[in-house]
Number of protein chains: 2
Amino acid sequence: MSELVKVVLKDDEIPRQWYNIQADLKKPVPPPVDKNGKPIGPDALAPVFPMNLIEQEVSTRRWIDIPEEILGILKLWRPSPLYRARRLEQALKTPAIILYKNEGVSPPGSHKPNTAVAQAYYNREFGIKRLTTETGAGQWGSALAFGCKLLGLECKVYMVRISFDQKPFRKIMMRTWGAECVASPSRETNAGRAILEKDPDTPGSLGIAISEAIEAAVTGKNTRYALGSVLNHVLMHQTIIGLEAKKQMEMLGLYPDVVIGCAGGGSNFAGLSFPFVCDKMAGRNVRVIAVEPAACPTLTRAPYVYDSGDVAMMTPLLAMYSLGHTFVPPPIHAGGLRYHGMAPLVSHVLREGLIEAQALHQMECYGAAMKFAHTEGFIPAPETSHAIAMAIREAEKAREEGKKRVILFNWSGHGLMDLTGYQAYLDGKLSDFALPEEMLTRSLASMEGLPRPPAA
Amino acid sequence: MSELVKVVLKDDEIPRQWYNIQADLKKPVPPPVDKNGKPIGPDALAPVFPMNLIEQEVSTRRWIDIPEEILGILKLWRPSPLYRARRLEQALKTPAIILYKNEGVSPPGSHKPNTAVAQAYYNREFGIKRLTTETGAGQWGSALAFGCKLLGLECKVYMVRISFDQKPFRKIMMRTWGAECVASPSRETNAGRAILEKDPDTPGSLGIAISEAIEAAVTGKNTRYALGSVLNHVLMHQTIIGLEAKKQMEMLGLYPDVVIGCAGGGSNFAGLSFPFVCDKMAGRNVRVIAVEPAACPTLTRAPYVYDSGDVAMMTPLLAMYSLGHTFVPPPIHAGGLRYHGMAPLVSHVLREGLIEAQALHQMECYGAAMKFAHTEGFIPAPETSHAIAMAIREAEKAREEGKKRVILFNWSGHGLMDLTGYQAYLDGKLSDFALPEEMLTRSLASMEGLPRPPAA
């Protein structure tokens, strides 16, 4: 493979099933509960999600067929190429083989449409005409706008006001794909109006935007809500990434020693890694590392609890590592990793010892992103830079140990819509953030009185 | 091919030679001349370009080997996928097969790096350490920054001041790839200082920026100038697009009835079409259409003359269709198509009747871009939208005539860095521009007294 730069698969080599890790877990993930600790049944979720997705959420079937219509749309950019980062390897003088899966080739530029298309499809099949969601920096909102347009649904996005004002380009993408995008808090919902009455100049927050999107879904005609990460079915839709990667690595005669993904809500990490965690549960030797920002260290610092997915506690309580639903992470550029909780399935496999977690500061990550752009050419998203930085650490360790090691990471998206972070870095205006310890203490305290998940 | 969305080629299927159309022309292209009509010899170009590229410029060898190191870098995104725009076909209810070559998959997002990498390579082989260039909206500047970084050259970009101020994102891309980018006119060159003394608040122009970049090249140590279009060797580097497309179409058992590209300087158009023009010269039946903006109708309205490539007349006189070097096109969003002249090779094949030309207004093109984004998903660059609009016209004609026709066009780049044009369109603030006839008259008059190319 002396000249190989990437492995491409043909359209008809696309995986035709998603992998559902729930089938293989020794212990099941604790179910969502209400504030009294009572498990939430499917019916309670029905006003928010369509029943076919709720069924996927709780399914324990190992393989779930991907409908042909979804495959037809995914093939616009999938199978995504698996790259060997040969020029990065050379720059690092490492004996390691570094491979990455390029999810930046999708129309919105990240892994997010893998689930946006699927969610739009199942909602349409269920008779839904319109989806609502929230978005921070706009990566998820633009992916759902794209998915809805291609499947003929309307889409309404509540975008956190400060991002709405400061980041106009993602908003234009959403509009180009036909979505309506409003600043949150808006005057369109009770939740939004209540906040605006108290604080007309609020910059908004993801928690507020979630509250508005859910309210708009449950009160709207033929309307449901779509979430871009955290939930079981969302993570499952992303496993197509890892299934493709396995096929591509088999073509190379390689198997990874280390699998790496950045983790905010957990979906791109799970998408690449769960098919390998599956092998690990069957006895195969592979390390799997989730990388999070040191400014929002959910997997490395937070307790395993039942907590709400949003600040307004609109969602059921999920069993997960959580910094507390009132935690507001420092304003790092990797907006997609600024989440207080972590997907229950990712939390569960960490607790079971199947994966590891590491927290990195943003200056190291931007340095890694620059090294990547200067060797491999592509400019990564700030979220993705966390996975790159960890891959570089592992490659340097391999060099120090003189070991040939195969490192696979998820290049979850490009950074062309996030160039202001690079500007700040190049201008020397960027720095690391200390974890706001006092806020963390208060935030952890906010979970007191909530039910506890069963002991490990 | 019922489910086929795209045809991908493996790394080792990349073409290993460029196609040089000069080998097959019945009459040679008239050579560049000075103001007295005297042909410019290679030595006169030596202060501006390295001799190995000057040799390519005048070569009549049909096939020129692509060096391994260039191939290694091109493979970061090449071979680019050939798509069948099945969802667009369905929306148009056309019996036509619409195929497009996606050049937006490169790190800077367009076809430009195909030549940027090659030019950086040949300059480095010749001992050059630093390249200078000009850029308007920034697509070429960012491609050259990318090419220079990956080949270890320094890069200096003179960016038209109004774009420098209004379009910060391409500038950040260039800086991320290590290039120095200054607003033009700058205080760093005689040309720049002279302009600033007369008009300190000038918005700048491409003509001024070219003057500065050439001055910086000829006065700098180990420095040369790089041009992103127009010249023979630049067009040749782009033929890898058409050579790949032919291979991919052969895999489908298809040959195009119509080949379409947008044309500003002519490089993406020539890149896709020249391998098919080659077949046409050998007797094959294929229509080839260059699409230009009605606001800058070089191929459809201009005379075939000897004219300068820049407003300051720093370049030799080239035999081409030209609106006159003083022509300033209306501010359409397709900045890459706002050029007064046209590549001599493209001009020549039009004159020989081997290709056709069509001029379209921007509202039709934006409408086509929206239709494309809503069906195929990818958001095209405003330049690319001209090729899409013509493909749609041809597909609609096929429907009216009830004919199955194979239409191939070049999707020259994505529009993620050009979203403000979409915003203006969505806000209803965009309109077509009338051709500034008076200015055209003056501009055509500015070429009086220049030597004339030989009659056809």
# chains A, B, ... in the order shown; residues from 1 in each chain; ligands from 1
>>> select_by_dssp(residues="stretch 375-446 of chain A", states="helix (DSSP H, G or I)", output="PyMOL selection string")
chain A and resi 375+382-401+419-426+437-445
>>> write_last_selection(atoms="N, CA, C and O atoms", output="compact mmCIF listing (two decimals), in the first residue's frame")
# COMPACT_ATOMS: atom_id res chain seq x y z
N THR A 375 -0.56 19.27 6.63
CA THR A 375 -0.06 18.02 6.05
C THR A 375 -1.12 17.34 5.20
O THR A 375 -0.90 17.05 4.03
N PRO A 382 -13.53 22.54 14.83
CA PRO A 382 -12.89 22.57 16.15
C PRO A 382 -13.22 21.35 17.00
O PRO A 382 -12.39 20.90 17.79
N GLU A 383 -14.42 20.79 16.83
CA GLU A 383 -14.76 19.57 17.56
C GLU A 383 -13.81 18.44 17.14
O GLU A 383 -13.22 17.74 17.97
N THR A 384 -13.67 18.28 15.82
CA THR A 384 -12.83 17.23 15.25
C THR A 384 -11.39 17.33 15.72
O THR A 384 -10.68 16.32 15.86
N SER A 385 -10.93 18.56 15.96
CA SER A 385 -9.53 18.76 16.36
C SER A 385 -9.21 18.01 17.65
O SER A 385 -8.05 17.67 17.90
N HIS A 386 -10.22 17.75 18.48
CA HIS A 386 -9.97 16.99 19.70
C HIS A 386 -9.57 15.55 19.38
O HIS A 386 -8.69 14.98 20.03
N ALA A 387 -10.22 14.96 18.39
CA ALA A 387 -9.86 13.60 17.99
C ALA A 387 -8.47 13.57 17.35
O ALA A 387 -7.67 12.66 17.58
N ILE A 388 -8.17 14.61 16.55
CA ILE A 388 -6.86 14.69 15.91
C ILE A 388 -5.76 14.80 16.96
O ILE A 388 -4.73 14.11 16.89
N ALA A 389 -5.98 15.66 17.95
CA ALA A 389 -4.96 15.85 18.99
C ALA A 389 -4.67 14.54 19.72
O ALA A 389 -3.52 14.22 20.03
N MET A 390 -5.71 13.75 19.98
CA MET A 390 -5.51 12.48 20.67
C MET A 390 -4.80 11.48 19.75
O MET A 390 -3.92 10.73 20.20
N ALA A 391 -5.14 11.49 18.47
CA ALA A 391 -4.46 10.61 17.51
C ALA A 391 -2.98 10.97 17.45
O ALA A 391 -2.11 10.07 17.39
N ILE A 392 -2.67 12.26 17.50
CA ILE A 392 -1.26 12.68 17.48
C ILE A 392 -0.56 12.22 18.75
O ILE A 392 0.56 11.71 18.70
N ARG A 393 -1.22 12.36 19.89
CA ARG A 393 -0.62 11.86 21.15
C ARG A 393 -0.29 10.37 21.03
O ARG A 393 0.79 9.92 21.44
N GLU A 394 -1.22 9.61 20.50
CA GLU A 394 -1.01 8.16 20.39
C GLU A 394 0.10 7.84 19.39
O GLU A 394 0.88 6.91 19.59
N ALA A 395 0.17 8.63 18.32
CA ALA A 395 1.21 8.40 17.31
C ALA A 395 2.59 8.74 17.87
O ALA A 395 3.59 8.08 17.56
N GLU A 396 2.63 9.78 18.71
CA GLU A 396 3.92 10.15 19.32
C GLU A 396 4.34 9.12 20.36
O GLU A 396 5.53 8.80 20.49
N LYS A 397 3.37 8.58 21.06
CA LYS A 397 3.68 7.51 22.02
C LYS A 397 4.23 6.29 21.28
O LYS A 397 5.19 5.67 21.71
N ALA A 398 3.64 5.98 20.15
CA ALA A 398 4.11 4.85 19.34
C ALA A 398 5.56 5.08 18.90
O ALA A 398 6.37 4.15 18.88
N ARG A 399 5.86 6.33 18.55
CA ARG A 399 7.24 6.65 18.15
C ARG A 399 8.19 6.45 19.33
O ARG A 399 9.24 5.82 19.22
N GLU A 400 7.79 6.96 20.51
CA GLU A 400 8.65 6.81 21.69
C GLU A 400 8.85 5.35 22.05
O GLU A 400 9.93 4.94 22.45
N GLU A 401 7.81 4.57 21.88
CA GLU A 401 7.90 3.14 22.23
C GLU A 401 8.44 2.31 21.07
O GLU A 401 8.65 1.11 21.22
N LEU A 419 -14.26 29.31 10.74
CA LEU A 419 -12.92 29.86 10.55
C LEU A 419 -12.57 30.96 11.54
O LEU A 419 -11.39 31.26 11.74
N THR A 420 -13.56 31.54 12.21
CA THR A 420 -13.23 32.60 13.17
C THR A 420 -12.38 32.06 14.32
O THR A 420 -11.55 32.79 14.87
N GLY A 421 -12.58 30.81 14.68
CA GLY A 421 -11.73 30.19 15.71
C GLY A 421 -10.28 30.12 15.26
O GLY A 421 -9.35 30.38 16.05
N TYR A 422 -10.08 29.79 14.00
CA TYR A 422 -8.71 29.76 13.46
C TYR A 422 -8.09 31.15 13.45
O TYR A 422 -6.92 31.33 13.74
N GLN A 423 -8.93 32.14 13.11
CA GLN A 423 -8.43 33.51 13.11
C GLN A 423 -7.95 33.90 14.52
O GLN A 423 -6.86 34.43 14.67
N ALA A 424 -8.76 33.59 15.52
CA ALA A 424 -8.38 33.91 16.90
C ALA A 424 -7.08 33.19 17.26
O ALA A 424 -6.18 33.76 17.88
N TYR A 425 -6.96 31.93 16.84
CA TYR A 425 -5.74 31.17 17.13
C TYR A 425 -4.52 31.81 16.45
O TYR A 425 -3.49 32.02 17.06
N LEU A 426 -4.68 32.14 15.15
CA LEU A 426 -3.57 32.71 14.39
C LEU A 426 -3.19 34.10 14.91
O LEU A 426 -2.03 34.51 14.84
N GLU A 437 -14.80 25.77 38.59
CA GLU A 437 -15.03 24.79 39.67
C GLU A 437 -16.23 25.15 40.54
O GLU A 437 -16.99 24.28 40.95
N GLU A 438 -16.37 26.44 40.81
CA GLU A 438 -17.50 26.83 41.67
C GLU A 438 -18.83 26.55 41.01
O GLU A 438 -19.76 26.03 41.63
N MET A 439 -18.89 26.89 39.71
CA MET A 439 -20.13 26.62 38.98
C MET A 439 -20.40 25.12 38.92
O MET A 439 -21.54 24.66 39.06
N LEU A 440 -19.31 24.34 38.76
CA LEU A 440 -19.46 22.89 38.71
C LEU A 440 -20.05 22.38 40.03
O LEU A 440 -20.96 21.55 40.04
N THR A 441 -19.54 22.91 41.14
CA THR A 441 -20.05 22.49 42.45
C THR A 441 -21.55 22.79 42.55
O THR A 441 -22.35 21.94 42.95
N ARG A 442 -21.92 24.01 42.14
CA ARG A 442 -23.34 24.39 42.19
C ARG A 442 -24.16 23.50 41.26
O ARG A 442 -25.27 23.07 41.58
N SER A 443 -23.61 23.26 40.09
CA SER A 443 -24.33 22.50 39.08
C SER A 443 -24.53 21.05 39.53
O SER A 443 -25.61 20.46 39.36
N LEU A 444 -23.50 20.48 40.14
CA LEU A 444 -23.62 19.10 40.65
C LEU A 444 -24.68 19.07 41.75
O LEU A 444 -25.48 18.13 41.86
N ALA A 445 -24.71 20.13 42.54
CA ALA A 445 -25.68 20.19 43.64
C ALA A 445 -27.11 20.26 43.11
O ALA A 445 -28.05 19.79 43.77
>>> interface_residues(of="chain A", to="chain B", cutoff="7 Å", atoms="only C-alpha atoms", output="MDAnalysis selection string")
chainID A and resid 4:6 8 10:11 75:76 105 107 146 149:150 169 172 176:177 373:375 377:378 419 422:423
>>> residues_around(residues="B:Lys280", least_positions_apart="3", cutoff="12 Å", atoms="only C-alpha atoms", output="list in words")
Ile21, Asp24, Leu25, Pro256, Asp257, Val258, Val259, Ser273, Phe274, Pro275, Phe276, Val277, Gly283, Arg284, Asn285, Val286, Arg287, Val288, Val349, Glu352, Gly353, Leu354 and Ile355 of chain B
>>> atom_distance(atom1="atom CA of A:Leu206", atom2="atom CA of A:Gly141")
12.1 Å
>>> select_by_dssp(residues="stretch 1-215 of chain B", states="strand (DSSP E)", output="JSON, numbers by chain")
{"B": [6, 7, 17, 18, 19, 63, 64, 65, 82, 83, 84, 97, 98, 99, 100, 101, 102, 130, 131, 132, 133, 134, 135, 154, 155, 156, 157, 158, 159, 160, 180, 181, 182, 183, 184]}
>>> closest_atom_pairs(of="stretch 167-252 of chain A", to="stretch 32-55 of chain A", cutoff="12 Å", atoms="only C-alpha atoms", output="JSON lines")
{"residue": "A:Ile210", "atom": "CA", "partner": "A:Val48", "partner_atom": "CA", "distance": 11.7}
{"residue": "A:Ser211", "atom": "CA", "partner": "A:Val48", "partner_atom": "CA", "distance": 11.6}
{"residue": "A:Ala213", "atom": "CA", "partner": "A:Val48", "partner_atom": "CA", "distance": 9.8}
{"residue": "A:Ile214", "atom": "CA", "partner": "A:Val48", "partner_atom": "CA", "distance": 6.8}
{"residue": "A:Glu215", "atom": "CA", "partner": "A:Val48", "partner_atom": "CA", "distance": 9.0}
{"residue": "A:Ala216", "atom": "CA", "partner": "A:Val48", "partner_atom": "CA", "distance": 9.7}
{"residue": "A:Ala217", "atom": "CA", "partner": "A:Val48", "partner_atom": "CA", "distance": 6.4}
{"residue": "A:Val218", "atom": "CA", "partner": "A:Pro47", "partner_atom": "CA", "distance": 5.4}
{"residue": "A:Thr219", "atom": "CA", "partner": "A:Pro47", "partner_atom": "CA", "distance": 8.7}
{"residue": "A:Gly220", "atom": "CA", "partner": "A:Pro47", "partner_atom": "CA", "distance": 10.0}
{"residue": "A:Lys221", "atom": "CA", "partner": "A:Pro47", "partner_atom": "CA", "distance": 10.8}
{"residue": "A:Asn222", "atom": "CA", "partner": "A:Pro47", "partner_atom": "CA", "distance": 9.9}
{"residue": "A:Thr223", "atom": "CA", "partner": "A:Val48", "partner_atom": "CA", "distance": 8.3}
{"residue": "A:Arg224", "atom": "CA", "partner": "A:Val48", "partner_atom": "CA", "distance": 5.3}
{"residue": "A:Tyr225", "atom": "CA", "partner": "A:Val48", "partner_atom": "CA", "distance": 5.5}
{"residue": "A:Ala226", "atom": "CA", "partner": "A:Phe49", "partner_atom": "CA", "distance": 7.3}
{"residue": "A:Leu227", "atom": "CA", "partner": "A:Phe49", "partner_atom": "CA", "distance": 9.5}
{"residue": "A:Leu231", "atom": "CA", "partner": "A:Ile54", "partner_atom": "CA", "distance": 10.1}
{"residue": "A:Asn232", "atom": "CA", "partner": "A:Ile54", "partner_atom": "CA", "distance": 9.5}
{"residue": "A:His233", "atom": "CA", "partner": "A:Leu53", "partner_atom": "CA", "distance": 7.0}
{"residue": "A:Val234", "atom": "CA", "partner": "A:Leu53", "partner_atom": "CA", "distance": 9.3}
{"residue": "A:Met236", "atom": "CA", "partner": "A:Leu53", "partner_atom": "CA", "distance": 11.1}
{"residue": "A:His237", "atom": "CA", "partner": "A:Leu53", "partner_atom": "CA", "distance": 10.9}
>>> residues_around(residues="A:Thr202", least_positions_apart="5", cutoff="12 Å", atoms="only C-alpha atoms", output="PyMOL selection string")
chain A and resi 160-162+183-186+192-197+208
>>> atom_distance(atom1="atom CA of B:Gly204", atom2="atom CA of B:Gly136")
9.6 Å
>>> residues_around(residues="A:Val311", least_positions_apart="3", cutoff="12 Å", atoms="only C-alpha atoms", output="list in words")
Gly204, Ser205, Leu206, Gly207, Ile208, Ala209, Ile210, Ser211, Glu212, Asp307, Ser308, Met314, Thr315, Pro316, Leu317, Ser322, Leu323, Gly324, His325, Thr326, Phe327, Val328, Tyr339, His340, Gly341, Ser443, Ser446 and Met447 of chain A
>>> closest_residue(among="B:Val157, B:Ala282, B:Ala294, B:Leu345", to="B:Ala319", atoms="only C-alpha atoms")
B:Leu345
>>> closest_residue(among="A:Met281, A:Leu360, A:Gly266, A:Gly367", to="A:Lys112", atoms="only C-alpha atoms")
A:Gly266
>>> closest_atom_pairs(of="stretch 222-283 of chain A", to="stretch 406-411 of chain A", cutoff="12 Å", atoms="only C-alpha atoms", output="tab-separated table")
residue	atom	partner	partner_atom	distance
A:Gln238	CA	A:Asn410	CA	11.5
A:Thr239	CA	A:Asn410	CA	11.7
A:Ile241	CA	A:Asn410	CA	8.5
A:Gly242	CA	A:Asn410	CA	9.0
A:Glu244	CA	A:Asn410	CA	11.9
A:Ala245	CA	A:Leu408	CA	8.9
A:Lys246	CA	A:Leu408	CA	10.3
A:Gln248	CA	A:Leu408	CA	11.5
A:Met249	CA	A:Leu408	CA	9.6
A:Leu252	CA	A:Val406	CA	11.5
A:Gly253	CA	A:Val406	CA	11.2
A:Leu254	CA	A:Val406	CA	7.7
A:Tyr255	CA	A:Val406	CA	7.0
A:Pro256	CA	A:Val406	CA	4.9
A:Asp257	CA	A:Val406	CA	5.2
A:Val258	CA	A:Ile407	CA	5.0
A:Val259	CA	A:Leu408	CA	4.9
A:Ile260	CA	A:Phe409	CA	4.5
A:Gly261	CA	A:Asn410	CA	5.3
A:Cys262	CA	A:Asn410	CA	7.7
A:Ala263	CA	A:Asn410	CA	10.6
A:Ser267	CA	A:Asn410	CA	11.1
A:Asn268	CA	A:Asn410	CA	7.4
A:Phe269	CA	A:Asn410	CA	7.3
A:Ala270	CA	A:Asn410	CA	10.0
A:Gly271	CA	A:Asn410	CA	8.9
A:Leu272	CA	A:Asn410	CA	6.5
A:Ser273	CA	A:Asn410	CA	8.8
A:Phe276	CA	A:Leu408	CA	10.8
>>> residues_around(residues="B:Pro30", least_positions_apart="6", cutoff="9 Å", atoms="only C-alpha atoms", output="compact mmCIF listing (two decimals) with N, CA, C and O atoms, in the first residue's frame")
# COMPACT_ATOMS: atom_id res chain seq x y z
N PRO B 39 6.28 38.39 -31.45
CA PRO B 39 6.07 37.26 -30.53
C PRO B 39 7.01 37.33 -29.32
O PRO B 39 8.18 37.69 -29.45
N LEU B 318 -2.41 38.65 -25.47
CA LEU B 318 -2.85 37.29 -25.77
C LEU B 318 -3.94 37.33 -26.84
O LEU B 318 -4.79 38.23 -26.83
N ALA B 319 -3.91 36.34 -27.74
CA ALA B 319 -4.95 36.26 -28.78
C ALA B 319 -6.19 35.63 -28.17
O ALA B 319 -6.19 34.46 -27.81
N PRO B 344 -6.74 31.88 -24.25
CA PRO B 344 -6.50 31.76 -25.70
C PRO B 344 -6.92 30.41 -26.26
O PRO B 344 -7.48 30.36 -27.37
N HIS B 348 -9.72 30.01 -29.03
CA HIS B 348 -9.34 29.37 -30.30
C HIS B 348 -10.34 28.28 -30.71
O HIS B 348 -10.78 28.23 -31.86
N PRO B 453 -4.70 39.64 -34.27
CA PRO B 453 -4.32 38.25 -34.58
C PRO B 453 -4.65 37.92 -36.03
O PRO B 453 -5.47 38.61 -36.65
N PRO B 454 -4.01 36.88 -36.59
CA PRO B 454 -4.29 36.51 -37.98
C PRO B 454 -5.77 36.17 -38.16
O PRO B 454 -6.42 35.66 -37.25
